[in-house]
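Below is one structure, written out as structure tokens; comments come after it.
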Amino acid sequence: MSPRIHPTAIVDARAELAEDVKVGPYCIIGPEVRIGPGTELMSHVVIAGRTTIGARNRFFPFASIGQQPQDLKYHGEPSEVVIGDDNTIRENVTINLGTEGGGMVTRIGHRNLLMAYTHVAHDCCLGSEIVMANCATLAGHITVEDGVILGGLSAVHQFVRIGKFAMVGGMCGPTKDVPPFCLVSGGYQPGLSGLNLIGLRRRGFGNEIISELKRIYRVLFQERGSLASRLDHAASLAQSVHGRYLVNFVREAERGVLMHRRGSGPKP
């Protein structure tokens, strides 16, 4: 069995495609591309650069993957894009190569949904089961952990980290790290507005863990006092792996973290 390649597609002879890959009309695949089994390129998809794609991914029309980064410091170094399994890449998504200054790799995990017109810039590292809604944009060197939801038209500043199961509201522009399990709102002057309670319950978090995270949230993001003293207090409340992860995420934040928005509603 050989790949199903539409006669209008252009596939470089040096590209490596698994036997059951489907390449639709007018797609272009470059010489350093490797595509795993069960992956489908619908039409007008461009895969360039040193790009490795895993199994069972679906690329919708006009996605552009592995092009040079939009970084003036890039000078043709042999950087990469690495994409895992079972991702859905919708129309006009762009994912750029890494750079020498950022580890040389832009990486996407598994089971992610990147909706139309989303952008993943150079050296970003995305985990798994992430949803980027339409026109969400990641600048360079951003880390997005598992289970994050990025709302439509959101724009995340370079070098920001977004912790597990956080949700960033539409049109938000975080310039500091987003703690795990939290909600972000407020447009381009964003802040936290509590825990992502619906998301946590959908992920199977029980009442005991959620109550612990609420207590830690209040201490870290709503109480007054120095960050060091709040971290110590929060650490004393963290009995679960999730609580300790939240505290450590804040402790390790080099850019600082978003804080609770005053007047954004009741405490979580």
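Order determines the names: the first chain of the structure tokens is A, the second B, and so forth; residues in each chain are numbered 1 upward, and ligands are numbered 1 upward as they are shown.
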Could you please write out, as a list in words, every residue of region 130-160 of chain A that DSSP assigns to strand (DSSP E)?
->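 For region 130-160 of chain A, the strand (DSSP E) set is Val131, Met132, Thr137, Leu138, Thr143, Val144, Ile149, Leu150, Ala155 and Val156 of chain A.
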Closest pair table for region 170-197 of chain A residues within 12 Å of region 212-228 of chain A, only C-alpha atoms, as JSON lines:
```
{"residue": "A:Val178", "atom": "CA", "partner": "A:Phe221", "partner_atom": "CA", "distance": 11.6}
{"residue": "A:Pro179", "atom": "CA", "partner": "A:Tyr217", "partner_atom": "CA", "distance": 9.6}
{"residue": "A:Pro180", "atom": "CA", "partner": "A:Leu213", "partner_atom": "CA", "distance": 10.1}
{"residue": "A:Phe181", "atom": "CA", "partner": "A:Leu213", "partner_atom": "CA", "distance": 8.4}
{"residue": "A:Cys182", "atom": "CA", "partner": "A:Tyr217", "partner_atom": "CA", "distance": 8.8}
{"residue": "A:Leu183", "atom": "CA", "partner": "A:Tyr217", "partner_atom": "CA", "distance": 11.4}
{"residue": "A:Gly191", "atom": "CA", "partner": "A:Phe221", "partner_atom": "CA", "distance": 10.1}
{"residue": "A:Leu192", "atom": "CA", "partner": "A:Phe221", "partner_atom": "CA", "distance": 8.3}
{"residue": "A:Ser193", "atom": "CA", "partner": "A:Phe221", "partner_atom": "CA", "distance": 9.9}
{"residue": "A:Gly194", "atom": "CA", "partner": "A:Tyr217", "partner_atom": "CA", "distance": 7.8}
{"residue": "A:Leu195", "atom": "CA", "partner": "A:Lys214", "partner_atom": "CA", "distance": 7.3}
{"residue": "A:Asn196", "atom": "CA", "partner": "A:Lys214", "partner_atom": "CA", "distance": 10.4}
{"residue": "A:Leu197", "atom": "CA", "partner": "A:Lys214", "partner_atom": "CA", "distance": 9.7}
```
Using the selection just defined, write its residues with C-alpha atoms as an mmCIF file, in the first residue's frame.
```cif
data_model
loop_
_atom_site.group_PDB
_atom_site.id
_atom_site.type_symbol
_atom_site.label_atom_id
_atom_site.label_comp_id
_atom_site.auth_asym_id
_atom_site.auth_seq_id
_atom_site.Cartn_x
_atom_site.Cartn_y
_atom_site.Cartn_z
ATOM 1 C CA VAL A 178 -1.045 31.916 33.965
ATOM 2 C CA PRO A 179 -1.261 29.578 36.981
ATOM 3 C CA PRO A 180 -2.730 26.098 36.506
ATOM 4 C CA PHE A 181 -6.437 25.473 37.124
ATOM 5 C CA CYS A 182 -7.318 29.190 36.826
ATOM 6 C CA LEU A 183 -9.565 31.391 34.685
ATOM 7 C CA GLY A 191 -6.255 39.009 35.513
ATOM 8 C CA LEU A 192 -7.453 35.889 37.261
ATOM 9 C CA SER A 193 -11.144 35.510 37.987
ATOM 10 C CA GLY A 194 -11.133 32.322 40.033
ATOM 11 C CA LEU A 195 -10.610 28.654 39.401
ATOM 12 C CA ASN A 196 -11.703 26.895 36.223
ATOM 13 C CA LEU A 197 -14.291 24.965 38.205
#
```
Residues of region 47-159 of chain A at most 12 Å from region 254-260 of chain A: nearest atom pair and distance in Å, only C-alpha atoms, as a Markdown table:
```
| residue | atom | partner | partner_atom | distance |
| --- | --- | --- | --- | --- |
| A:Ile142 | CA | A:Arg255 | CA | 11.8 |
| A:His157 | CA | A:Arg255 | CA | 10.7 |
| A:Gln158 | CA | A:Arg255 | CA | 10.4 |
| A:Phe159 | CA | A:Arg255 | CA | 8.1 |
```
Mind the document's chain letters and residue numbers, and return as a ChimeraX atom specification the residues of region 43-223 of chain A that DSSP labels alpha helix (DSSP H).
-> /A:197-202,207-221
Write out as a VMD selection string each polymer residue whose atoms come within 6 Å of Pro37 (chain A), counting only C-alpha atoms; drop sequence neighbours fewer than 3 positions from it.
-> chain A and resid 18 20 to 21 55
For the residues selected in the previous step, produce a file with C-alpha atoms as a tab-separated table (two decimals), in the first residue's frame.
```tsv
chain	number	residue	atom	x	y	z
A	18	ALA	CA	3.69	6.40	5.87
A	20	ASP	CA	-1.67	5.17	4.37
A	21	VAL	CA	-1.13	8.94	4.40
A	55	ALA	CA	-0.07	9.47	13.46
```
Nearby residues (only C-alpha atoms) at most 10 Å from region 83-87 of chain A, same-chain spacing under 5 positions excluded, as a ChimeraX atom specification | /A:35-39,51-59,65,95,106-114,126-130
Excluding region 27-29 of chain A and any residue of its chain fewer than 3 positions from it, enumerate the residues within 7 Å of it, using only C-alpha atoms, and give them as a list in words.
->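 Residues near the query, excluding close chain neighbours: Ala9, Ile10, Val11, Asp12, Val23, Gly24, Val33, Ser43, His44, Val45, Val46, Ile47 and Ala48 of chain A.
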Output the selection as a PDB file, in the first residue's frame - C-alpha atoms for each residue.
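out_4.pdb was written with the following content:
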```pdb
ATOM      1  CA  ALA A   9      -0.181  17.711  -5.092  1.00  0.00           C
ATOM      2  CA  ILE A  10       3.583  18.276  -5.094  1.00  0.00           C
ATOM      3  CA  VAL A  11       5.481  15.903  -2.822  1.00  0.00           C
ATOM      4  CA  ASP A  12       9.270  15.999  -2.811  1.00  0.00           C
ATOM      5  CA  VAL A  23      -2.519  14.010   0.487  1.00  0.00           C
ATOM      6  CA  GLY A  24      -5.311  16.050  -1.066  1.00  0.00           C
ATOM      7  CA  VAL A  33       9.146  16.252   6.024  1.00  0.00           C
ATOM      8  CA  SER A  43      -6.195  20.312   0.307  1.00  0.00           C
ATOM      9  CA  HIS A  44      -3.866  23.295  -0.202  1.00  0.00           C
ATOM     10  CA  VAL A  45      -1.817  22.321   2.860  1.00  0.00           C
ATOM     11  CA  VAL A  46       1.878  23.276   2.882  1.00  0.00           C
ATOM     12  CA  ILE A  47       4.303  21.262   5.027  1.00  0.00           C
ATOM     13  CA  ALA A  48       7.840  22.644   4.827  1.00  0.00           C
TER      14      ALA A  48
END
```
For Val168 (chain A), list every protein, DNA or RNA residue within 6 Å, evaluated using only C-alpha atoms, and leave out those in the same chain fewer than 4 positions away; present the list as a PyMOL selection string.
-> chain A and resi 150-151+184
d(CA of Cys172 (chain A), CA of Tyr74 (chain A)) in Å | 28.1 Å
From the list A:His141, A:Arg201, A:His119, A:Arg161, the nearest residue to Gly103 (chain A) using only C-alpha atoms is A:His141
Nearby residues (only C-alpha atoms) at most 12 Å from Gly102 (chain A), same-chain spacing under 2 positions excluded, as an mmCIF file with C-alpha atoms, in the first residue's frame:
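Listed below is the output, part_8.cif:
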```
data_model
loop_
_atom_site.group_PDB
_atom_site.id
_atom_site.type_symbol
_atom_site.label_atom_id
_atom_site.label_comp_id
_atom_site.auth_asym_id
_atom_site.auth_seq_id
_atom_site.Cartn_x
_atom_site.Cartn_y
_atom_site.Cartn_z
ATOM 1 C CA PRO A 69 9.911 31.719 11.969
ATOM 2 C CA ASP A 71 11.998 36.223 14.004
ATOM 3 C CA LYS A 73 17.308 36.594 14.602
ATOM 4 C CA TYR A 74 16.671 33.487 12.513
ATOM 5 C CA GLU A 77 19.629 27.214 11.284
ATOM 6 C CA SER A 79 15.503 23.914 13.418
ATOM 7 C CA GLU A 80 12.388 21.754 13.575
ATOM 8 C CA LEU A 97 10.082 26.357 12.976
ATOM 9 C CA GLY A 98 12.133 26.831 16.126
ATOM 10 C CA THR A 99 15.239 29.000 16.449
ATOM 11 C CA GLU A 100 18.747 28.659 17.838
ATOM 12 C CA MET A 104 15.606 24.704 17.905
ATOM 13 C CA VAL A 105 12.205 22.982 18.199
ATOM 14 C CA THR A 106 8.562 24.039 18.086
ATOM 15 C CA ARG A 107 6.680 21.130 19.635
ATOM 16 C CA ALA A 121 5.277 30.836 16.817
ATOM 17 C CA HIS A 122 8.862 29.618 17.034
ATOM 18 C CA ASP A 123 10.042 27.572 19.997
ATOM 19 C CA CYS A 124 6.614 27.151 21.572
ATOM 20 C CA CYS A 125 5.983 23.927 23.452
ATOM 21 C CA GLY A 140 7.644 32.832 20.627
ATOM 22 C CA HIS A 141 9.002 30.656 23.449
ATOM 23 C CA ILE A 142 5.625 30.006 25.111
ATOM 24 C CA THR A 143 4.837 26.867 27.112
ATOM 25 C CA GLN A 158 6.441 35.666 24.455
ATOM 26 C CA PHE A 159 8.044 33.497 27.166
#
```
Among the residues A:Ala235, A:Leu246, A:Ala253, A:Ala155, the one that comes closest to Asp177 (chain A) [using only C-alpha atoms] | A:Ala253
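For the pair CA of Val81 (chain A) and CA of Gly30 (chain A), the interatomic distance is 12.9 Å.
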